[in-house]
>>> print(open('target_6.cif').read())   # mmCIF, C-alpha atoms
data_data
#
loop_
_atom_site.label_atom_id
_atom_site.label_comp_id
_atom_site.auth_asym_id
_atom_site.auth_seq_id
_atom_site.Cartn_x
_atom_site.Cartn_y
_atom_site.Cartn_z
CA MET C 25 -33.25 11.48 32.43
CA ILE C 26 -33.50 8.26 34.42
CA ALA C 27 -34.95 10.22 37.34
CA SER C 28 -37.48 11.91 35.05
CA ASN C 29 -38.60 8.46 33.90
CA PHE C 30 -39.21 7.47 37.52
CA ASN C 31 -41.24 10.67 37.89
CA LEU C 32 -43.31 9.68 34.85
CA PHE C 33 -43.83 6.22 36.38
CA HIS C 34 -44.92 7.83 39.70
CA ASP C 35 -42.05 6.38 41.78
CA GLN C 36 -40.88 9.34 43.84
CA ARG C 37 -38.57 7.25 46.05
CA LYS C 38 -36.57 5.97 43.09
CA LYS C 39 -36.62 9.41 41.51
CA LYS C 40 -34.99 10.93 44.61
CA LEU C 41 -32.46 8.09 44.91
CA THR C 42 -31.56 8.34 41.23
CA THR C 43 -31.04 12.09 41.53
CA LEU C 44 -28.82 11.61 44.58
CA TYR C 45 -26.80 8.85 42.87
CA GLY C 46 -26.48 11.04 39.78
CA ILE C 47 -25.07 13.94 41.81
CA ILE C 48 -22.62 11.62 43.57
CA ALA C 49 -21.55 10.09 40.25
CA LEU C 50 -21.13 13.54 38.69
CA LEU C 51 -18.88 14.70 41.53
CA ALA C 52 -16.86 11.48 41.36
CA LEU C 53 -16.46 11.83 37.60
CA ILE C 54 -15.35 15.45 37.92
CA GLY C 55 -12.75 14.31 40.44
CA LEU C 56 -11.68 11.49 38.14
CA GLY C 57 -11.48 13.90 35.22
CA LEU C 58 -9.21 16.19 37.20
CA ALA C 59 -7.02 13.25 38.27
CA ILE C 60 -6.41 11.58 34.91
CA PRO C 61 -3.39 12.69 32.88
CA LYS C 62 -3.91 15.75 30.70
CA ASN C 63 -3.07 14.01 27.43
CA SER C 64 -5.34 10.99 27.94
CA SER C 65 -8.57 10.62 26.01
CA GLY C 66 -11.87 10.80 27.83
CA GLY C 67 -13.67 9.02 25.01
CA VAL C 68 -13.31 5.57 26.53
CA LEU C 69 -14.52 6.79 29.91
CA ALA C 70 -17.50 8.52 28.27
CA ALA C 71 -18.39 5.35 26.35
CA VAL C 72 -18.22 3.26 29.53
CA ILE C 73 -20.43 5.74 31.39
CA ALA C 74 -22.97 5.83 28.55
CA GLY C 75 -23.02 2.03 28.43
CA LEU C 76 -23.52 1.81 32.20
CA ALA C 77 -26.36 4.34 32.09
CA ARG C 78 -28.04 2.38 29.32
CA GLU C 79 -27.77 -0.92 31.19
CA ILE C 80 -28.98 0.62 34.46
CA THR C 81 -31.97 2.10 32.65
CA LYS C 82 -32.79 -1.20 30.93
CA SER C 83 -32.56 -3.16 34.18
CA GLN C 84 -34.48 -0.65 36.32
CA GLN C 85 -37.06 0.63 33.83
CA GLY C 86 -37.08 -1.68 30.81
CA PRO C 87 -40.46 -3.34 31.40
CA GLN C 88 -42.08 -0.03 32.39
CA ILE C 89 -40.74 1.71 29.28
CA GLU C 90 -41.98 -1.09 27.02
CA ALA C 91 -45.43 -1.02 28.65
CA PHE C 92 -45.50 2.76 28.24
CA ARG C 93 -44.67 2.44 24.53
CA MET C 94 -47.26 -0.32 24.02
CA GLU C 95 -49.92 1.98 25.51
CA GLY C 96 -49.02 4.61 22.90
CA GLY C 97 -46.65 6.66 25.02
CA LYS C 98 -44.02 8.58 23.13
CA ILE C 99 -40.38 8.45 24.16
CA ALA C 100 -37.99 11.36 23.81
CA SER C 101 -35.85 11.62 20.70
CA TRP C 102 -32.06 11.37 20.54
CA TRP C 103 -32.02 15.12 19.87
CA ASN C 104 -33.77 15.63 23.18
CA ALA C 105 -31.10 13.55 24.94
CA ILE C 106 -28.30 15.41 23.15
CA GLY C 107 -29.82 18.75 24.13
CA ILE C 108 -30.08 17.72 27.77
CA GLY C 109 -26.49 16.48 27.65
CA LEU C 110 -25.22 19.76 26.21
CA VAL C 111 -27.11 21.86 28.75
CA SER C 112 -25.71 19.65 31.53
CA LEU C 113 -22.20 19.99 30.13
CA ILE C 114 -22.49 23.77 30.06
CA ALA C 115 -23.78 23.80 33.65
CA VAL C 116 -20.92 21.57 34.87
CA LEU C 117 -18.32 23.68 33.05
CA ALA C 118 -19.81 26.83 34.58
CA VAL C 119 -19.53 25.34 38.08
CA ILE C 120 -15.93 24.22 37.46
CA PHE C 121 -15.10 27.69 36.10
CA MET C 122 -16.56 29.36 39.21
CA ILE C 123 -14.64 26.98 41.50
CA VAL C 124 -11.39 27.75 39.67
CA LEU C 125 -12.05 31.48 39.97
CA ILE C 126 -12.73 31.19 43.69
CA VAL C 127 -9.68 28.99 44.39
CA SER C 128 -7.32 31.14 42.27
#
>>> encode(input="target_6.cif", output="C-alpha cells")
Amino acid sequence: MIASNFNLFHDQRKKKLTTLYGIIALLALIGLGLAIPKNSSGGVLAAVIAGLAREITKSQQGPQIEAFRMEGGKIASWWNAIGIGLVSLIAVLAVIFMIVLIVS
C-alpha cells in the first residue's frame, strides 16, 4: 500500500524501492516465522511490524497524504486495508504451501 501511495504521488523511483524493500522484508519475515518456536505467539511481532509500517508511512508520505486530503482526495478505508492484507496472506500461504510440496 505504501508503494501504491508513491504511485499516486507520481514518484516511480520510491515506488520501485518500496516494492523491493517490501519483498525483502516479506522473505525475511517468512524466514523469521519459520525460525521462531512453534508455541510462541506472533501477535507481538505483527504489532511491531504494523507499527513500523505506520511510522515509515508517516515519515515518508505524511505531508503528501495530508495535502492530498486537504485537496479533497479520499483515502482508502480500513476495510480496504484489511482486504488487501487478507489477499496478501492467502498469496503468501499459497507460496509456502507450494514450497513445502516441492521440498517434500
>>> closest_residue(input="target_6.cif", among="C:Met122, C:Ile26, C:Leu32, C:Leu58", to="Gly97 (chain C)", atoms="only C-alpha atoms")
C:Leu32
>>> residues_around(input="target_6.cif", residues="region 70-87 of chain C", least_positions_apart="2", cutoff="10 Å", atoms="all atoms listed in the file", output="list in words")
Met25, Ile26, Ala27, Asn29, Phe30, Phe33, Lys38, Ala49, Leu53, Ser65, Gly66, Gly67, Val68, Ile89, Glu90, Ala91, Phe92 and Arg93 of chain C
>>> atom_distance(input="target_6.cif", atom1="CA of Ile120 (chain C)", atom2="CA of Leu56 (chain C)")
13.4 Å
>>> residues_around(input="target_6.cif", residues="Val116 (chain C)", least_positions_apart="5", cutoff="9 Å", atoms="only C-alpha atoms", output="short mmCIF file (atom, residue, chain, number, x, y, z; two decimals) with C-alpha atoms, in the coordinates of the input")
data_model
loop_
_atom_site.label_atom_id
_atom_site.label_comp_id
_atom_site.auth_asym_id
_atom_site.auth_seq_id
_atom_site.Cartn_x
_atom_site.Cartn_y
_atom_site.Cartn_z
CA LEU C 50 -21.13 13.54 38.69
CA ILE C 54 -15.35 15.45 37.92
CA VAL C 111 -27.11 21.86 28.75
CA PHE C 121 -15.10 27.69 36.10
#
>>> atom_distance(input="target_6.cif", atom1="CA of Ile114 (chain C)", atom2="CA of Ile99 (chain C)")
24.3 Å
>>> atom_distance(input="target_6.cif", atom1="CA of Leu69 (chain C)", atom2="CA of Gly55 (chain C)")
13.1 Å
>>> closest_residue(input="target_6.cif", among="C:Ser64, C:Ser128, C:Ser112, C:Asn104", to="Gly46 (chain C)", atoms="only C-alpha atoms")
C:Ser112
>>> axis_aligned_box(input="target_6.cif", around="region 54-67 of chain C", padding_each_side="5 Å", output="lines of an AutoDock Vina configuration file")
center_x = -9.2
center_y = 12.6
center_z = 32.7
size_x = 22.3
size_y = 17.2
size_z = 25.4
>>> decode(input="target_6.cif", residues="region 69-127 of chain C", atoms="C-alpha atoms", output="mmCIF file, in the first residue's frame")
data_model
loop_
_atom_site.group_PDB
_atom_site.id
_atom_site.type_symbol
_atom_site.label_atom_id
_atom_site.label_comp_id
_atom_site.auth_asym_id
_atom_site.auth_seq_id
_atom_site.Cartn_x
_atom_site.Cartn_y
_atom_site.Cartn_z
ATOM 1 C CA LEU C 69 5.789 -9.450 16.006
ATOM 2 C CA ALA C 70 2.718 -8.493 13.954
ATOM 3 C CA ALA C 71 2.097 -5.452 16.162
ATOM 4 C CA VAL C 72 5.724 -4.333 15.820
ATOM 5 C CA ILE C 73 5.586 -4.715 12.039
ATOM 6 C CA ALA C 74 2.305 -2.790 11.818
ATOM 7 C CA GLY C 75 3.748 -0.023 13.997
ATOM 8 C CA LEU C 76 6.888 0.176 11.865
ATOM 9 C CA ALA C 77 4.846 0.341 8.659
ATOM 10 C CA ARG C 78 2.746 3.142 10.115
ATOM 11 C CA GLU C 79 5.785 5.161 11.197
ATOM 12 C CA ILE C 80 7.554 4.635 7.864
ATOM 13 C CA THR C 81 4.439 5.804 6.034
ATOM 14 C CA LYS C 82 4.065 8.863 8.261
ATOM 15 C CA SER C 83 7.711 9.839 7.856
ATOM 16 C CA GLN C 84 7.895 9.209 4.097
ATOM 17 C CA GLN C 85 4.420 10.290 2.989
ATOM 18 C CA GLY C 86 2.777 12.201 5.842
ATOM 19 C CA PRO C 87 2.875 15.686 4.301
ATOM 20 C CA GLN C 88 1.841 14.372 0.875
ATOM 21 C CA ILE C 89 -1.098 12.448 2.349
ATOM 22 C CA GLU C 90 -2.270 15.489 4.300
ATOM 23 C CA ALA C 91 -2.018 17.710 1.200
ATOM 24 C CA PHE C 92 -3.944 15.083 -0.777
ATOM 25 C CA ARG C 93 -6.708 15.042 1.848
ATOM 26 C CA MET C 94 -6.845 18.852 2.009
ATOM 27 C CA GLU C 95 -7.371 18.934 -1.773
ATOM 28 C CA GLY C 96 -10.387 16.649 -1.347
ATOM 29 C CA GLY C 97 -8.654 13.364 -2.074
ATOM 30 C CA LYS C 98 -10.215 10.316 -0.497
ATOM 31 C CA ILE C 99 -8.106 7.796 1.391
ATOM 32 C CA ALA C 100 -8.836 4.082 1.451
ATOM 33 C CA SER C 101 -10.907 2.660 4.279
ATOM 34 C CA TRP C 102 -9.726 0.219 6.942
ATOM 35 C CA TRP C 103 -11.822 -2.433 5.190
ATOM 36 C CA ASN C 104 -9.761 -1.854 2.068
ATOM 37 C CA ALA C 105 -6.550 -2.363 4.059
ATOM 38 C CA ILE C 106 -7.942 -5.489 5.736
ATOM 39 C CA GLY C 107 -8.960 -6.904 2.353
ATOM 40 C CA ILE C 108 -5.514 -6.283 0.899
ATOM 41 C CA GLY C 109 -3.960 -7.877 3.968
ATOM 42 C CA LEU C 110 -6.125 -10.988 3.666
ATOM 43 C CA VAL C 111 -5.420 -11.381 -0.044
ATOM 44 C CA SER C 112 -1.694 -10.994 0.680
ATOM 45 C CA LEU C 113 -1.894 -13.567 3.468
ATOM 46 C CA ILE C 114 -3.598 -16.066 1.171
ATOM 47 C CA ALA C 115 -0.958 -15.481 -1.520
ATOM 48 C CA VAL C 116 1.909 -15.973 0.953
ATOM 49 C CA LEU C 117 0.328 -19.134 2.366
ATOM 50 C CA ALA C 118 -0.131 -20.480 -1.167
ATOM 51 C CA VAL C 119 3.554 -19.885 -1.939
ATOM 52 C CA ILE C 120 4.640 -21.542 1.324
ATOM 53 C CA PHE C 121 2.329 -24.487 0.594
ATOM 54 C CA MET C 122 3.831 -24.914 -2.892
ATOM 55 C CA ILE C 123 7.375 -24.744 -1.483
ATOM 56 C CA VAL C 124 6.542 -27.399 1.114
ATOM 57 C CA LEU C 125 5.053 -29.628 -1.586
ATOM 58 C CA ILE C 126 8.136 -29.248 -3.769
ATOM 59 C CA VAL C 127 10.610 -29.857 -0.924
#
